[in-house]
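Data file: coords_24.txt. Format and content: compact mmCIF, C-alpha atoms.
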# COMPACT_ATOMS: atom_id res chain seq x y z
CA MET E 116 68.92 -93.51 52.30
CA GLY E 117 66.10 -91.87 50.38
CA SER E 118 64.60 -88.50 51.11
CA ARG E 119 61.17 -89.84 51.87
CA GLY E 120 60.05 -88.72 55.25
CA ARG E 121 62.41 -85.68 55.35
CA PRO E 122 60.89 -82.28 55.90
CA ARG E 123 60.78 -80.13 52.80
CA GLY E 124 63.46 -77.55 52.57
CA ARG E 125 63.32 -73.87 51.71
CA ARG E 126 64.32 -74.39 48.08
CA ASP E 127 61.51 -76.83 47.52
CA ARG E 128 58.99 -74.40 48.90
CA GLU E 129 60.29 -71.54 46.69
CA ARG E 130 60.16 -73.79 43.65
CA ASP E 131 56.51 -74.57 44.35
CA LEU E 132 55.70 -70.84 44.57
CA GLU E 133 57.12 -69.98 41.12
CA PRO E 134 54.27 -69.12 38.64
CA GLU E 135 53.63 -71.44 35.76
CA PRO E 136 54.57 -69.96 32.35
CA GLU E 137 51.48 -68.64 30.44
CA PRO E 138 50.63 -70.54 27.24
CA GLU E 139 51.09 -68.60 23.98
CA ARG E 140 47.92 -66.96 22.70
CA ALA E 141 46.44 -68.64 19.65
CA ALA E 142 45.46 -65.36 18.05
CA GLN E 143 47.65 -62.34 18.18
CA ALA E 144 46.05 -58.84 18.18
CA PRO E 145 46.09 -57.17 14.74
CA PRO E 146 49.03 -54.91 14.29
CA GLN E 147 48.25 -51.24 14.70
CA PRO E 148 49.10 -49.00 11.77
CA GLU E 149 52.33 -47.24 12.10
CA GLY E 150 51.99 -43.61 12.98
CA GLY E 151 48.88 -44.05 15.11
CA ARG E 152 46.27 -41.26 14.90
CA ALA E 153 47.97 -39.35 12.04
CA GLU E 154 47.94 -42.46 9.86
CA ARG E 155 44.25 -43.08 10.54
CA ARG E 156 43.45 -39.53 9.49
CA ARG E 157 45.36 -40.00 6.23
CA LEU E 158 43.40 -43.18 5.51
CA ALA E 159 40.08 -41.41 6.19
CA ARG E 160 41.01 -38.57 3.81
CA ARG E 161 41.93 -41.10 1.14
CA VAL E 162 38.53 -42.80 1.46
CA ARG E 163 36.73 -39.46 1.16
CA ARG E 164 38.72 -38.58 -1.98
CA ARG E 165 37.76 -41.88 -3.56
CA ARG E 166 34.09 -41.25 -2.86
CA ARG E 167 34.25 -37.75 -4.37
CA THR E 168 36.00 -39.11 -7.46
CA ARG E 169 33.32 -41.79 -7.86
CA ARG E 170 30.53 -39.22 -7.59
CA ALA E 171 32.23 -36.92 -10.08
CA GLY E 172 32.46 -39.80 -12.52
CA GLU E 173 28.74 -40.56 -12.13
CA LEU E 174 27.64 -36.94 -12.73
CA PRO E 175 28.09 -36.94 -16.55
CA LEU E 176 26.08 -40.17 -16.77
CA LEU E 177 23.26 -38.68 -14.69
CA VAL E 178 23.23 -35.57 -16.92
CA VAL E 179 23.02 -37.69 -20.07
CA VAL E 180 20.16 -39.76 -18.60
CA ALA E 181 18.28 -36.59 -17.58
CA LEU E 182 18.68 -35.09 -21.06
CA CYS E 183 17.46 -38.31 -22.70
CA ILE E 184 14.38 -38.36 -20.46
CA ALA E 185 13.66 -34.69 -21.25
CA LEU E 186 14.00 -35.37 -24.99
CA LEU E 187 11.61 -38.34 -24.78
CA LEU E 188 9.08 -36.27 -22.84
CA LYS E 189 9.27 -33.51 -25.43
CA THR E 190 8.96 -35.93 -28.35
CA PHE E 191 6.12 -38.12 -27.10
CA LEU E 192 4.41 -36.55 -24.08
CA VAL E 193 4.49 -32.80 -23.46
CA GLN E 194 6.24 -29.73 -24.79
CA ALA E 195 6.45 -26.20 -23.45
CA PHE E 196 5.60 -23.22 -25.65
CA PHE E 197 6.18 -19.51 -25.22
CA ILE E 198 3.27 -17.22 -26.18
CA PRO E 199 4.61 -14.18 -28.09
CA SER E 200 1.31 -12.55 -29.12
CA GLY E 201 -1.99 -11.46 -27.61
CA SER E 202 -4.30 -13.39 -29.94
CA MET E 203 -5.55 -15.61 -27.09
CA GLU E 204 -6.01 -12.95 -24.40
CA GLN E 205 -7.37 -12.98 -21.77
CA THR E 206 -7.20 -16.76 -21.59
CA ILE E 207 -3.47 -16.87 -22.41
CA ARG E 208 -1.41 -13.71 -22.16
CA ILE E 209 1.78 -12.51 -23.80
CA GLY E 210 4.79 -14.16 -22.16
CA ASP E 211 2.86 -17.11 -20.72
CA ARG E 212 4.32 -20.60 -21.00
CA VAL E 213 1.87 -23.36 -21.81
CA LEU E 214 2.32 -27.12 -21.78
CA ALA E 215 0.93 -28.95 -24.80
CA ASP E 216 -0.15 -32.59 -24.59
CA LYS E 217 1.46 -34.60 -27.40
CA LEU E 218 0.40 -37.99 -26.03
CA THR E 219 -3.27 -37.90 -26.99
CA PRO E 220 -2.78 -38.17 -30.78
CA TRP E 221 -0.57 -41.23 -30.30
CA PHE E 222 -3.57 -43.06 -28.85
CA GLY E 223 -5.86 -42.11 -31.72
CA SER E 224 -7.87 -39.42 -29.93
CA LYS E 225 -9.10 -36.60 -32.18
CA VAL E 226 -9.01 -32.87 -31.61
CA GLU E 227 -12.39 -31.67 -30.34
CA ARG E 228 -14.34 -28.44 -30.46
CA GLY E 229 -13.20 -26.04 -27.77
CA ASP E 230 -9.66 -27.41 -27.56
CA VAL E 231 -6.82 -24.91 -27.48
CA VAL E 232 -4.24 -26.25 -29.91
CA VAL E 233 -0.69 -25.41 -30.95
CA PHE E 234 -0.14 -25.86 -34.68
CA LYS E 235 2.36 -25.13 -37.40
CA ASP E 236 1.85 -22.03 -39.50
CA PRO E 237 -0.13 -23.14 -42.58
CA GLY E 238 1.54 -20.35 -44.53
CA GLY E 239 1.67 -16.63 -43.84
CA TRP E 240 -0.59 -16.63 -40.78
CA LEU E 241 2.08 -15.22 -38.50
CA LYS E 242 2.64 -12.11 -40.58
CA GLY E 243 1.69 -9.11 -38.47
CA GLU E 244 0.61 -11.21 -35.47
CA ALA E 245 3.52 -12.82 -33.62
CA ALA E 246 6.05 -10.59 -31.94
CA ARG E 247 9.50 -11.66 -33.06
CA PRO E 248 11.85 -12.06 -30.06
CA GLY E 249 15.05 -10.04 -29.99
CA GLU E 250 18.27 -11.57 -31.24
CA ASP E 251 20.47 -13.19 -28.59
CA PRO E 252 24.28 -13.35 -28.62
CA VAL E 253 25.66 -16.33 -30.55
CA VAL E 254 26.55 -18.48 -27.52
CA VAL E 255 23.28 -17.71 -25.70
CA LYS E 256 21.31 -18.42 -28.87
CA GLN E 257 22.96 -21.84 -29.31
CA ILE E 258 22.34 -22.76 -25.66
CA LYS E 259 18.67 -21.75 -25.97
CA GLU E 260 18.27 -23.74 -29.18
CA THR E 261 19.77 -26.82 -27.51
CA LEU E 262 17.54 -26.52 -24.42
CA THR E 263 14.49 -25.94 -26.62
CA PHE E 264 15.32 -29.00 -28.73
CA ILE E 265 15.44 -31.28 -25.69
CA GLY E 266 12.33 -29.70 -24.19
CA LEU E 267 13.91 -27.95 -21.18
CA LEU E 268 13.08 -24.48 -22.52
CA PRO E 269 9.76 -23.29 -23.98
CA SER E 270 9.80 -23.05 -27.72
CA ALA E 271 9.92 -19.55 -29.17
CA ASP E 272 9.67 -20.89 -32.72
CA GLU E 273 7.86 -18.28 -34.78
CA GLN E 274 6.34 -21.04 -36.91
CA ASP E 275 3.94 -22.12 -34.14
CA LEU E 276 0.52 -20.60 -33.46
CA ILE E 277 -2.08 -21.20 -30.74
CA LYS E 278 -5.85 -20.91 -31.28
CA ARG E 279 -9.14 -22.40 -30.12
CA VAL E 280 -10.90 -25.00 -32.25
CA ILE E 281 -14.41 -23.82 -33.14
CA GLY E 282 -15.34 -26.40 -35.76
CA VAL E 283 -14.08 -29.85 -36.78
CA GLY E 284 -14.49 -31.86 -39.97
CA GLY E 285 -18.12 -31.84 -41.16
CA ASP E 286 -19.20 -28.87 -39.02
CA THR E 287 -20.81 -25.74 -40.39
CA VAL E 288 -19.49 -22.63 -38.66
CA LYS E 289 -21.41 -19.42 -39.23
CA CYS E 290 -21.41 -15.81 -38.11
CA CYS E 291 -23.70 -14.69 -36.88
CA ASP E 292 -27.21 -15.28 -35.50
CA SER E 293 -29.70 -12.54 -34.64
CA ARG E 294 -27.95 -11.95 -31.32
CA GLY E 295 -24.49 -11.72 -32.87
CA ARG E 296 -23.37 -15.18 -31.74
CA ILE E 297 -21.33 -17.66 -33.75
CA THR E 298 -23.18 -20.88 -34.50
CA VAL E 299 -21.86 -24.40 -35.06
CA ASN E 300 -24.27 -26.76 -36.83
CA GLY E 301 -27.02 -24.26 -36.05
CA THR E 302 -26.28 -24.14 -32.31
CA PRO E 303 -25.28 -20.70 -30.96
CA LEU E 304 -22.19 -20.51 -28.79
CA ASP E 305 -22.06 -18.64 -25.51
CA GLU E 306 -18.37 -17.78 -25.30
CA PRO E 307 -17.27 -16.56 -21.86
CA TYR E 308 -13.61 -16.99 -22.89
CA VAL E 309 -13.77 -14.21 -25.51
CA ASN E 310 -11.70 -11.17 -24.53
CA PRO E 311 -13.89 -8.58 -22.75
CA GLY E 312 -15.11 -5.87 -25.10
CA ASN E 313 -14.73 -8.04 -28.21
CA ALA E 314 -17.64 -9.10 -30.38
CA PRO E 315 -17.72 -12.82 -31.28
CA SER E 316 -16.79 -11.72 -34.81
CA GLU E 317 -17.04 -8.57 -36.90
CA ILE E 318 -16.55 -10.63 -40.06
CA THR E 319 -19.56 -12.48 -41.46
CA PHE E 320 -18.89 -15.95 -42.87
CA GLU E 321 -20.26 -19.44 -43.31
CA VAL E 322 -17.83 -22.32 -43.66
CA LYS E 323 -18.41 -26.04 -44.10
CA VAL E 324 -15.29 -27.54 -42.53
CA PRO E 325 -13.75 -30.28 -44.73
CA GLN E 326 -13.01 -33.64 -43.15
CA GLY E 327 -9.59 -33.79 -41.51
CA ARG E 328 -9.46 -30.02 -41.05
CA LEU E 329 -10.22 -27.51 -38.27
CA PHE E 330 -11.73 -24.02 -38.10
CA VAL E 331 -9.82 -22.06 -35.44
CA MET E 332 -10.22 -18.65 -33.82
CA GLY E 333 -8.33 -16.68 -31.19
CA ASP E 334 -10.05 -15.63 -27.98
CA HIS E 335 -8.97 -12.04 -28.59
CA ARG E 336 -11.21 -11.76 -31.62
CA ALA E 337 -10.20 -8.19 -32.44
CA ASN E 338 -6.50 -9.13 -32.49
CA SER E 339 -6.32 -12.59 -34.02
CA ALA E 340 -5.44 -13.35 -37.63
CA ASP E 341 -7.27 -16.69 -37.52
CA SER E 342 -9.36 -18.74 -39.97
CA ARG E 343 -11.66 -15.75 -40.63
CA TYR E 344 -8.80 -13.83 -42.24
CA HIS E 345 -7.99 -16.62 -44.71
CA LEU E 346 -11.46 -17.44 -46.06
CA ASP E 347 -10.39 -16.68 -49.62
CA GLU E 348 -7.57 -19.23 -49.46
CA GLY E 349 -7.76 -22.96 -50.07
CA PHE E 350 -10.01 -24.85 -47.65
CA GLN E 351 -11.58 -21.53 -46.54
CA GLY E 352 -9.09 -20.78 -43.82
CA THR E 353 -9.24 -24.18 -42.13
CA ILE E 354 -6.06 -25.91 -40.97
CA ASP E 355 -4.94 -29.50 -41.44
CA GLU E 356 -5.30 -31.72 -38.36
CA ASN E 357 -1.87 -33.17 -39.15
CA GLY E 358 -0.37 -29.72 -38.53
CA VAL E 359 -1.43 -29.77 -34.89
CA VAL E 360 1.60 -30.08 -32.60
CA GLY E 361 -0.36 -30.65 -29.42
CA ARG E 362 -3.32 -29.69 -27.25
CA ALA E 363 -2.56 -26.98 -24.68
CA VAL E 364 -3.57 -28.36 -21.30
CA VAL E 365 -2.20 -25.93 -18.73
CA ILE E 366 -0.64 -22.50 -18.33
CA ALA E 367 2.51 -23.44 -16.43
CA TRP E 368 4.21 -20.05 -16.00
CA PRO E 369 4.05 -17.48 -14.52
CA TYR E 370 2.64 -19.11 -11.41
CA ALA E 371 0.05 -16.35 -10.93
CA HIS E 372 -1.51 -17.32 -14.31
CA TRP E 373 -1.52 -21.07 -13.62
CA ARG E 374 -4.73 -22.74 -14.77
CA GLU E 375 -5.97 -25.76 -16.64
CA LEU E 376 -7.30 -25.34 -20.16
CA GLU E 377 -10.44 -27.43 -20.47
CA GLN E 378 -13.27 -27.74 -22.96
CA PRO E 379 -15.87 -24.99 -22.40
CA ALA E 380 -19.36 -26.20 -21.52
CA THR E 381 -20.89 -24.42 -24.52
CA PHE E 382 -19.38 -26.96 -26.94
CA LEU E 383 -21.00 -29.88 -25.13
CA THR E 384 -24.37 -28.81 -26.54
CA VAL E 385 -23.22 -28.76 -30.18
CA PRO E 386 -24.74 -31.67 -32.12
CA ASP E 387 -22.71 -33.80 -34.46
CA PRO E 388 -23.52 -32.79 -38.08
CA ALA E 389 -24.21 -36.38 -39.12
CA ARG E 390 -26.46 -37.08 -36.16
CA ARG E 391 -28.52 -34.04 -35.36
CA GLY E 392 -30.13 -34.12 -31.95
CA ARG E 393 -27.28 -36.02 -30.28
CA ARG E 394 -25.01 -34.00 -28.06
CA GLY E 395 -21.30 -33.64 -28.57
CA ARG E 396 -18.75 -35.90 -30.17
CA GLY E 397 -17.41 -39.11 -28.76
CA GLY E 398 -14.01 -38.95 -27.17
CA ARG E 399 -12.34 -38.06 -23.93
CA ARG E 400 -14.39 -36.78 -21.05
CA ARG E 401 -13.81 -33.21 -20.01
CA GLY E 402 -14.77 -30.84 -17.20
CA THR E 403 -17.17 -27.99 -17.67
CA ARG E 404 -14.83 -25.18 -16.73
CA PHE E 405 -14.06 -22.81 -19.53
CA ALA E 406 -10.48 -22.01 -20.49

Spell out the structure here as structure tokens.
Amino acid sequence: MGSRGRPRGRRDRERDLEPEPEPERAAQAPPQPEGGRAERRRLARRVRRRRRTRRAGELPLLVVVALCIALLLKTFLVQAFFIPSGSMEQTIRIGDRVLADKLTPWFGSKVERGDVVVFKDPGGWLKGEAARPGEDPVVVKQIKETLTFIGLLPSADEQDLIKRVIGVGGDTVKCCDSRGRITVNGTPLDEPYVNPGNAPSEITFEVKVPQGRLFVMGDHRANSADSRYHLDEGFQGTIDENGVVGRAVVIAWPYAHWRELEQPATFLTVPDPARRGRRGRGGRRRGTRFA
């Protein structure tokens, strides 16, 4: 006879109470690294070492890029110069560093009256004027020459001079009028930049500046071997425009001497020699502050 209708026994009830086996998980948890916390620390140190190695490898490249940028700036834009003499006092003092704009000539702009310019020695001008810097040890000298070449150090090259342009090609520069002032194309100059106690000039002269040349003078008139001291030479002491390295635009160091070097207002009233009665020369606009 079948079991239908019989009461369920104890074994059947126990069998019903047994838990069903859990299905296997589709995704197992990722295995933990052996060693636990110590292993994780080792991995973190390894990552940090890799980052430091990568940065160290990038440093030489960054240095090369920085040097290339500095060299390009020095070649085409600006260059720093060290002032070793007092020929431009009080405007620029001994030991000052000035920045010269080398960009302007590349765009065809001409040097103007009143500009302070850095130029190559035309020949013998530096004798008795520039203070020769002391000799450095061999290694220090080579480092300085390298930094100067790439434009990171002001040039102490004794072949460079700095003066103010008084007359440009076609101008007639003369000393002096009845009040002791220098005249350009018959217009007297009021020169607030001249070193206190100096006369505009103690040398009398009259020079017709040839085209493409400049008549230059230092602001410290009693201590500047400028165009006036070379009147008996070719071109009457004027310098070639092509010898101009750049136009000094700012005194960059020391910070206490920081100032812009702009065209003095007195030169704005000087007429062009070919067009008397018209003020100034065409070109870049300037402020009226004197350097």

>> Just the number, please: distance in Å from CA of Ser293 in chain E to CA of Tyr308 in chain E, one decimal.
In response: 20.4 Å

> Looking at only C-alpha atoms, which of E:Pro388, E:Pro369, E:Gly282, E:Gly151 is the one that sits closest to Val226 in chain E?
Replying inline: E:Gly282

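Of the residues under consideration (E:Gly352, E:Asp305, E:Val283, E:Ala215), E:Ala215 shows the shortest atom-to-atom contact distance to Val232 in chain E when counting only C-alpha atoms.
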
>> Taking 5 positions as the minimum chain separation for residues in the same chain, which residues sit within 9 Å of Met332 in chain E when counting all atoms listed in the file? Answer as a list in words.
In response: Ser202, Met203, Lys278, Arg279, Val280, Ile281, Ser339, Ala340, Asp341, Ser342 and Arg343 of chain E

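Taking only C-alpha atoms into account, Ala363 in chain E lies nearest to E:Val193 out of the set E:Gly284, E:Arg161, E:Val193, E:Arg156.
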
> Quick one: of E:Leu276, E:Ala380, E:Leu329, E:Ile297, who's nearest to Pro315 in chain E, counting all atoms listed in the file?
Replying inline: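 Of E:Leu276, E:Ala380, E:Leu329, E:Ile297, the one nearest Pro315 in chain E is E:Ile297, counting all atoms listed in the file.
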
>> Let me make sure I understand: among E:Thr384, E:Ser224, E:Ser200, E:Gln205, which one has the smallest atom-to-atom distance to Arg362 in chain E if we use all atoms listed in the file?
In response: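 Comparing E:Thr384, E:Ser224, E:Ser200, E:Gln205 against Arg362 in chain E, the winner is E:Ser224.
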
> Between CA of Arg296 in chain E and CA of Asp236 in chain E, what is the distance, to one decimal in Å?
Replying inline: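 The value is 27.3 Å.
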
>> Ranking E:Lys225, E:Arg374, E:Arg152, E:Lys289 by minimum distance to Glu321 in chain E and counting all atoms listed in the file, which one comes first?
In response: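 Nearest to Glu321 in chain E: E:Lys289.
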
> Between CA of Thr302 in chain E and CA of Val385 in chain E, what is the spacing in Å?
Replying inline: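 Value for the CA of Val385 in chain E-CA of Thr302 in chain E distance: 5.9 Å.
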
Mind rebuilding range 347-358 of chain E with all heavy atoms and writing that out as a PDB file, in the frame of the given file?
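To be explicit, this is the file written out as result04.pdb:
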ATOM      1  N   ASP E 347     -10.548 -16.652 -48.164  1.00  0.00           N
ATOM      2  CA  ASP E 347     -10.390 -16.680 -49.620  1.00  0.00           C
ATOM      3  C   ASP E 347      -9.276 -17.625 -50.068  1.00  0.00           C
ATOM      4  O   ASP E 347      -9.014 -17.750 -51.263  1.00  0.00           O
ATOM      5  CB  ASP E 347     -10.115 -15.270 -50.144  1.00  0.00           C
ATOM      6  CG  ASP E 347      -8.898 -14.627 -49.499  1.00  0.00           C
ATOM      7  OD1 ASP E 347      -8.428 -15.160 -48.459  1.00  0.00           O
ATOM      8  OD2 ASP E 347      -8.412 -13.602 -50.011  1.00  0.00           O
ATOM      9  N   GLU E 348      -8.627 -18.282 -49.120  1.00  0.00           N
ATOM     10  CA  GLU E 348      -7.570 -19.230 -49.460  1.00  0.00           C
ATOM     11  C   GLU E 348      -8.154 -20.629 -49.589  1.00  0.00           C
ATOM     12  O   GLU E 348      -9.347 -20.863 -49.369  1.00  0.00           O
ATOM     13  CB  GLU E 348      -6.477 -19.193 -48.384  1.00  0.00           C
ATOM     14  CG  GLU E 348      -5.819 -17.824 -48.233  1.00  0.00           C
ATOM     15  CD  GLU E 348      -4.811 -17.781 -47.101  1.00  0.00           C
ATOM     16  OE1 GLU E 348      -4.545 -18.862 -46.508  1.00  0.00           O
ATOM     17  OE2 GLU E 348      -4.298 -16.689 -46.794  1.00  0.00           O
ATOM     18  N   GLY E 349      -7.300 -21.584 -49.958  1.00  0.00           N
ATOM     19  CA  GLY E 349      -7.760 -22.960 -50.070  1.00  0.00           C
ATOM     20  C   GLY E 349      -8.302 -23.478 -48.758  1.00  0.00           C
ATOM     21  O   GLY E 349      -7.776 -23.153 -47.686  1.00  0.00           O
ATOM     22  N   PHE E 350      -9.360 -24.261 -48.830  1.00  0.00           N
ATOM     23  CA  PHE E 350     -10.010 -24.850 -47.650  1.00  0.00           C
ATOM     24  C   PHE E 350     -10.636 -23.815 -46.741  1.00  0.00           C
ATOM     25  O   PHE E 350     -10.892 -24.083 -45.561  1.00  0.00           O
ATOM     26  CB  PHE E 350      -9.025 -25.731 -46.869  1.00  0.00           C
ATOM     27  CG  PHE E 350      -8.396 -26.814 -47.676  1.00  0.00           C
ATOM     28  CD1 PHE E 350      -7.091 -26.688 -48.126  1.00  0.00           C
ATOM     29  CD2 PHE E 350      -9.102 -27.969 -48.000  1.00  0.00           C
ATOM     30  CE1 PHE E 350      -6.496 -27.692 -48.875  1.00  0.00           C
ATOM     31  CE2 PHE E 350      -8.511 -28.982 -48.750  1.00  0.00           C
ATOM     32  CZ  PHE E 350      -7.206 -28.839 -49.191  1.00  0.00           C
ATOM     33  N   GLN E 351     -10.864 -22.598 -47.255  1.00  0.00           N
ATOM     34  CA  GLN E 351     -11.580 -21.530 -46.540  1.00  0.00           C
ATOM     35  C   GLN E 351     -11.010 -21.246 -45.148  1.00  0.00           C
ATOM     36  O   GLN E 351     -11.743 -21.052 -44.181  1.00  0.00           O
ATOM     37  CB  GLN E 351     -13.062 -21.893 -46.409  1.00  0.00           C
ATOM     38  CG  GLN E 351     -13.813 -21.875 -47.742  1.00  0.00           C
ATOM     39  CD  GLN E 351     -15.295 -22.103 -47.555  1.00  0.00           C
ATOM     40  OE1 GLN E 351     -15.730 -23.243 -47.392  1.00  0.00           O
ATOM     41  NE2 GLN E 351     -16.078 -21.023 -47.561  1.00  0.00           N
ATOM     42  N   GLY E 352      -9.718 -21.185 -45.074  1.00  0.00           N
ATOM     43  CA  GLY E 352      -9.090 -20.780 -43.820  1.00  0.00           C
ATOM     44  C   GLY E 352      -8.967 -21.880 -42.780  1.00  0.00           C
ATOM     45  O   GLY E 352      -8.493 -21.616 -41.664  1.00  0.00           O
ATOM     46  N   THR E 353      -9.381 -23.090 -43.095  1.00  0.00           N
ATOM     47  CA  THR E 353      -9.240 -24.180 -42.130  1.00  0.00           C
ATOM     48  C   THR E 353      -7.811 -24.716 -42.154  1.00  0.00           C
ATOM     49  O   THR E 353      -7.093 -24.564 -43.142  1.00  0.00           O
ATOM     50  CB  THR E 353     -10.218 -25.319 -42.437  1.00  0.00           C
ATOM     51  OG1 THR E 353      -9.967 -25.814 -43.766  1.00  0.00           O
ATOM     52  CG2 THR E 353     -11.656 -24.822 -42.336  1.00  0.00           C
ATOM     53  N   ILE E 354      -7.413 -25.368 -41.071  1.00  0.00           N
ATOM     54  CA  ILE E 354      -6.060 -25.910 -40.970  1.00  0.00           C
ATOM     55  C   ILE E 354      -6.119 -27.437 -40.974  1.00  0.00           C
ATOM     56  O   ILE E 354      -7.125 -28.032 -40.579  1.00  0.00           O
ATOM     57  CB  ILE E 354      -5.334 -25.408 -39.711  1.00  0.00           C
ATOM     58  CG1 ILE E 354      -6.011 -25.953 -38.448  1.00  0.00           C
ATOM     59  CG2 ILE E 354      -5.268 -23.898 -39.693  1.00  0.00           C
ATOM     60  CD1 ILE E 354      -5.201 -25.747 -37.183  1.00  0.00           C
ATOM     61  N   ASP E 355      -5.029 -28.039 -41.382  1.00  0.00           N
ATOM     62  CA  ASP E 355      -4.940 -29.500 -41.440  1.00  0.00           C
ATOM     63  C   ASP E 355      -4.735 -30.057 -40.021  1.00  0.00           C
ATOM     64  O   ASP E 355      -3.897 -29.552 -39.263  1.00  0.00           O
ATOM     65  CB  ASP E 355      -3.759 -29.891 -42.337  1.00  0.00           C
ATOM     66  CG  ASP E 355      -3.739 -31.377 -42.669  1.00  0.00           C
ATOM     67  OD1 ASP E 355      -4.393 -32.166 -41.954  1.00  0.00           O
ATOM     68  OD2 ASP E 355      -3.050 -31.745 -43.630  1.00  0.00           O
ATOM     69  N   GLU E 356      -5.483 -31.079 -39.664  1.00  0.00           N
ATOM     70  CA  GLU E 356      -5.300 -31.720 -38.360  1.00  0.00           C
ATOM     71  C   GLU E 356      -3.879 -32.228 -38.171  1.00  0.00           C
ATOM     72  O   GLU E 356      -3.363 -32.259 -37.043  1.00  0.00           O
ATOM     73  CB  GLU E 356      -6.278 -32.891 -38.194  1.00  0.00           C
ATOM     74  CG  GLU E 356      -7.715 -32.489 -37.914  1.00  0.00           C
ATOM     75  CD  GLU E 356      -8.593 -33.701 -37.658  1.00  0.00           C
ATOM     76  OE1 GLU E 356      -8.102 -34.838 -37.835  1.00  0.00           O
ATOM     77  OE2 GLU E 356      -9.758 -33.504 -37.294  1.00  0.00           O
ATOM     78  N   ASN E 357      -3.231 -32.637 -39.247  1.00  0.00           N
ATOM     79  CA  ASN E 357      -1.870 -33.170 -39.150  1.00  0.00           C
ATOM     80  C   ASN E 357      -0.859 -32.083 -38.780  1.00  0.00           C
ATOM     81  O   ASN E 357       0.271 -32.405 -38.408  1.00  0.00           O
ATOM     82  CB  ASN E 357      -1.459 -33.829 -40.460  1.00  0.00           C
ATOM     83  CG  ASN E 357      -2.273 -35.075 -40.753  1.00  0.00           C
ATOM     84  OD1 ASN E 357      -2.675 -35.800 -39.840  1.00  0.00           O
ATOM     85  ND2 ASN E 357      -2.538 -35.332 -42.027  1.00  0.00           N
ATOM     86  N   GLY E 358      -1.263 -30.816 -38.907  1.00  0.00           N
ATOM     87  CA  GLY E 358      -0.370 -29.720 -38.530  1.00  0.00           C
ATOM     88  C   GLY E 358      -0.424 -29.376 -37.062  1.00  0.00           C
ATOM     89  O   GLY E 358       0.348 -28.530 -36.593  1.00  0.00           O
TER      90      GLY E 358
END
